[in-house]
>>> print(open('query.cif').read())   # mmCIF, C-alpha atoms
data_input
loop_
_atom_site.label_atom_id
_atom_site.label_comp_id
_atom_site.auth_asym_id
_atom_site.auth_seq_id
_atom_site.Cartn_x
_atom_site.Cartn_y
_atom_site.Cartn_z
CA MET N 191 -31.70 14.58 -27.23
CA ASN N 192 -32.28 16.23 -23.87
CA LEU N 193 -28.76 15.34 -22.78
CA LEU N 194 -27.31 16.97 -25.89
CA LEU N 195 -29.32 20.14 -25.28
CA ARG N 196 -28.13 20.29 -21.67
CA LEU N 197 -24.54 19.84 -22.87
CA LEU N 198 -24.95 22.74 -25.29
CA LEU N 199 -26.47 24.88 -22.53
CA THR N 200 -23.47 24.13 -20.33
CA VAL N 201 -21.15 25.09 -23.20
CA ALA N 202 -23.05 28.37 -23.62
CA ALA N 203 -22.94 29.08 -19.87
CA LEU N 204 -19.19 28.39 -19.72
CA LYS N 205 -18.55 30.59 -22.75
CA GLY N 206 -20.63 33.35 -21.17
CA ALA N 207 -18.54 33.15 -18.00
CA ASP N 208 -15.39 33.17 -20.15
CA ILE N 209 -16.49 36.35 -21.91
CA LEU N 210 -17.68 38.21 -18.80
CA LEU N 211 -14.98 37.33 -16.27
CA PRO N 212 -11.37 38.46 -16.71
CA GLY N 213 -10.09 35.91 -14.16
CA PHE N 214 -11.63 32.91 -15.94
CA ASN N 215 -10.15 32.04 -19.35
CA PHE N 216 -10.70 29.12 -21.69
CA HIS N 217 -7.99 28.10 -24.13
CA GLY N 218 -9.41 26.23 -27.09
CA GLY N 219 -12.35 26.07 -29.41
CA PHE N 220 -15.86 24.67 -29.40
CA LEU N 221 -14.80 21.03 -29.17
CA THR N 222 -12.59 21.79 -26.19
CA LEU N 223 -15.55 23.44 -24.48
CA CYS N 224 -17.66 20.37 -25.28
CA TRP N 225 -15.08 18.04 -23.72
CA PHE N 226 -14.82 20.31 -20.70
CA SER N 227 -18.61 20.29 -20.35
CA ILE N 228 -18.73 16.49 -20.58
CA VAL N 229 -16.11 16.09 -17.86
CA LEU N 230 -17.82 18.74 -15.72
CA GLY N 231 -21.13 16.93 -16.16
CA LEU N 232 -19.56 13.64 -15.09
CA LEU N 233 -18.03 15.26 -12.02
CA ASN N 234 -21.38 16.88 -11.20
CA TRP N 235 -23.05 13.49 -11.52
CA ILE N 236 -20.48 11.56 -9.47
CA LEU N 237 -18.92 13.98 -6.96
CA LYS N 238 -21.53 16.65 -6.35
CA PRO N 239 -23.95 14.45 -4.34
CA VAL N 240 -21.06 13.36 -2.11
CA LEU N 241 -19.86 16.95 -1.65
CA VAL N 242 -23.36 18.17 -0.88
CA PHE N 243 -23.85 15.39 1.66
CA PHE N 244 -20.64 16.17 3.54
CA SER N 245 -21.06 19.93 3.34
CA PHE N 246 -24.72 19.92 4.35
CA PRO N 247 -24.08 21.75 7.68
CA LEU N 248 -22.27 24.53 5.79
CA LEU N 249 -25.09 24.70 3.25
CA VAL N 250 -27.62 25.12 6.06
CA VAL N 251 -25.57 27.74 7.93
CA THR N 252 -24.89 29.79 4.79
CA ILE N 253 -28.46 29.36 3.52
CA GLY N 254 -27.22 27.65 0.35
CA ILE N 255 -24.50 30.12 -0.63
CA PHE N 256 -21.85 27.44 -0.10
CA TYR N 257 -23.38 25.63 -3.09
CA PHE N 258 -21.57 28.12 -5.37
CA VAL N 259 -18.29 27.24 -3.66
CA LEU N 260 -18.97 23.58 -4.50
CA ASN N 261 -19.56 24.57 -8.12
CA ALA N 262 -16.26 26.46 -8.13
CA LEU N 263 -14.49 23.41 -6.68
CA LEU N 264 -15.93 21.23 -9.43
CA LEU N 265 -14.82 23.73 -12.09
CA TYR N 266 -11.35 23.70 -10.56
CA ALA N 267 -11.29 19.89 -10.43
CA THR N 268 -12.30 19.75 -14.09
CA SER N 269 -9.49 22.14 -14.96
CA LEU N 270 -7.07 19.80 -13.16
CA ILE N 271 -8.35 16.80 -15.12
CA LEU N 272 -8.01 18.68 -18.43
CA PRO N 273 -4.80 20.71 -17.92
CA GLY N 274 -4.21 23.75 -20.08
CA VAL N 275 -7.88 24.21 -21.01
CA LEU N 276 -8.85 26.62 -18.27
CA THR N 277 -6.90 29.15 -16.28
CA GLY N 278 -8.34 31.26 -13.54
CA THR N 279 -7.94 32.92 -10.21
CA THR N 280 -9.73 31.91 -7.03
CA TRP N 281 -12.25 34.72 -7.43
CA GLY N 282 -12.58 33.87 -11.10
CA PHE N 283 -13.56 30.29 -10.25
CA LEU N 284 -15.99 31.45 -7.54
CA LEU N 285 -17.68 33.99 -9.79
CA ALA N 286 -17.69 31.52 -12.68
CA GLY N 287 -19.35 28.92 -10.46
CA PHE N 288 -22.06 31.46 -9.71
CA LEU N 289 -22.45 32.66 -13.30
CA VAL N 290 -22.48 29.18 -14.83
CA THR N 291 -25.20 28.13 -12.39
CA VAL N 292 -27.31 31.21 -13.10
CA PHE N 293 -26.76 31.08 -16.90
CA HIS N 294 -27.54 27.38 -17.02
CA TRP N 295 -30.71 27.87 -15.00
CA LEU N 296 -31.85 30.82 -17.14
CA LEU N 297 -31.20 29.00 -20.41
CA THR N 298 -32.97 25.89 -19.11
CA VAL N 299 -36.02 27.95 -18.19
CA LEU N 300 -35.89 29.90 -21.46
CA PHE N 301 -35.73 26.79 -23.63
CA ARG N 302 -38.05 24.78 -21.30
CA ILE N 303 -35.71 21.84 -20.92
CA ARG N 304 -36.69 19.39 -18.21
CA LYS N 305 -34.05 17.58 -16.23
CA TYR N 306 -35.59 14.12 -16.39
CA ASP N 307 -37.23 13.73 -19.79
#
>>> encode(input="query.cif", output="structure tokens")
Amino acid sequence: MNLLLRLLLTVAALKGADILLPGFNFHGGFLTLCWFSIVLGLLNWILKPVLVFFSFPLLVVTIGIFYFVLNALLLYATSLILPGVLTGTTWGFLLAGFLVTVFHWLLTVLFRIRKYD
């Protein structure tokens, strides 16, 4: 149940970034966003720990700001895995990485969803 709620929060965060950012556009409906969120979640689960490990010096030097660049890279990688679903510019991906992280965090706090329940 918790996993489904987190998936829906990711869908809401991605849709919010789609609405707010002109350089970040989804092509498709709700099910497409769900598939995109599932693939993004899998990439976050598999690749993000490796990326964080290898970019740790950059994360320390930039006081964590580089974390948003990692999120943008994962969004871009997901768009390469599912071609035609997402189009965006470099700044669109960077801002979307930031917005999706902030939206997801806010919605998680608002709905009191724990990560490991």
>>> closest_atom_pairs(input="query.cif", of="region 198-271 of chain N", to="region 288-300 of chain N", cutoff="9 Å", atoms="all atoms listed in the file", output="tab-separated table")
residue	atom	partner	partner_atom	distance
N:Leu199	CA	N:His294	CA	6.1
N:Thr200	CA	N:His294	CA	6.2
N:Ala202	CA	N:His294	CA	8.0
N:Ala203	CA	N:Val290	CA	5.1
N:Leu204	CA	N:Val290	CA	5.9
N:Lys205	CA	N:Val290	CA	9.0
N:Gly206	CA	N:Phe293	CA	7.8
N:Ala207	CA	N:Leu289	CA	6.1
N:Tyr257	CA	N:Phe288	CA	8.9
N:Phe258	CA	N:Phe288	CA	5.5
N:Val259	CA	N:Phe288	CA	8.3
N:Asn261	CA	N:Phe288	CA	7.5
N:Ala262	CA	N:Phe288	CA	7.8
>>> closest_residue(input="query.cif", among="N:Ser245, N:Thr279, N:Asn234, N:Ser227", to="Leu197 (chain N)", atoms="only C-alpha atoms")
N:Ser227
>>> atom_distance(input="query.cif", atom1="CA of Gly274 (chain N)", atom2="CA of Val242 (chain N)")
27.7 Å
>>> axis_aligned_box(input="query.cif", around="region 200-213 of chain N", padding_each_side="3 Å", output="AutoDock Vina command-line options")
--center_x -16.8 --center_y 31.3 --center_z -18.9 --size_x 19.4 --size_y 20.3 --size_z 15.5
>>> resolve_selection(input="query.cif", expression="the PyMOL selection byres ((chain N and resi 216-226) around 7)", output="list in words")
Val201, Asp208, Phe214, Asn215, Ser227, Ile228, Val229, Leu230, Val275, Leu276 and Thr277 of chain N
>>> atom_distance(input="query.cif", atom1="CA of Trp281 (chain N)", atom2="CA of Gly213 (chain N)")
7.2 Å
>>> closest_residue(input="query.cif", among="N:Leu284, N:Arg302, N:Leu211, N:Leu193", to="Ile255 (chain N)", atoms="all atoms listed in the file")
N:Leu284
>>> build_atoms(input="query.cif", residues="region 208-222 of chain N", atoms="N, CA and C atoms", output="compact mmCIF listing (two decimals), in the frame of the given file")
# COMPACT_ATOMS: atom_id res chain seq x y z
N ASP N 208 -16.69 32.86 -19.56
CA ASP N 208 -15.39 33.17 -20.15
C ASP N 208 -15.36 34.60 -20.70
N ILE N 209 -16.43 35.01 -21.32
CA ILE N 209 -16.49 36.35 -21.91
C ILE N 209 -16.59 37.43 -20.83
N LEU N 210 -17.40 37.18 -19.80
CA LEU N 210 -17.68 38.21 -18.80
C LEU N 210 -16.61 38.36 -17.72
N LEU N 211 -15.91 37.28 -17.41
CA LEU N 211 -14.98 37.33 -16.27
C LEU N 211 -13.52 37.38 -16.74
N PRO N 212 -12.78 38.39 -16.30
CA PRO N 212 -11.37 38.46 -16.71
C PRO N 212 -10.49 37.41 -16.02
N GLY N 213 -10.90 36.89 -14.88
CA GLY N 213 -10.09 35.91 -14.16
C GLY N 213 -10.47 34.48 -14.45
N PHE N 214 -11.14 34.24 -15.58
CA PHE N 214 -11.63 32.91 -15.94
C PHE N 214 -11.50 32.78 -17.45
N ASN N 215 -10.47 32.07 -17.92
CA ASN N 215 -10.15 32.04 -19.35
C ASN N 215 -10.06 30.63 -19.89
N PHE N 216 -10.80 30.38 -20.97
CA PHE N 216 -10.70 29.12 -21.69
C PHE N 216 -9.68 29.24 -22.80
N HIS N 217 -8.97 28.15 -23.05
CA HIS N 217 -7.99 28.10 -24.13
C HIS N 217 -8.40 26.94 -25.04
N GLY N 218 -8.97 27.26 -26.16
CA GLY N 218 -9.41 26.23 -27.09
C GLY N 218 -10.70 26.65 -27.76
N GLY N 219 -11.16 25.78 -28.64
CA GLY N 219 -12.35 26.07 -29.41
C GLY N 219 -13.59 25.39 -28.87
N PHE N 220 -14.56 25.22 -29.77
CA PHE N 220 -15.86 24.67 -29.40
C PHE N 220 -15.74 23.23 -28.91
N LEU N 221 -14.94 22.42 -29.59
CA LEU N 221 -14.80 21.03 -29.17
C LEU N 221 -14.15 20.91 -27.80
N THR N 222 -13.22 21.78 -27.52
CA THR N 222 -12.59 21.79 -26.19
C THR N 222 -13.62 22.13 -25.12
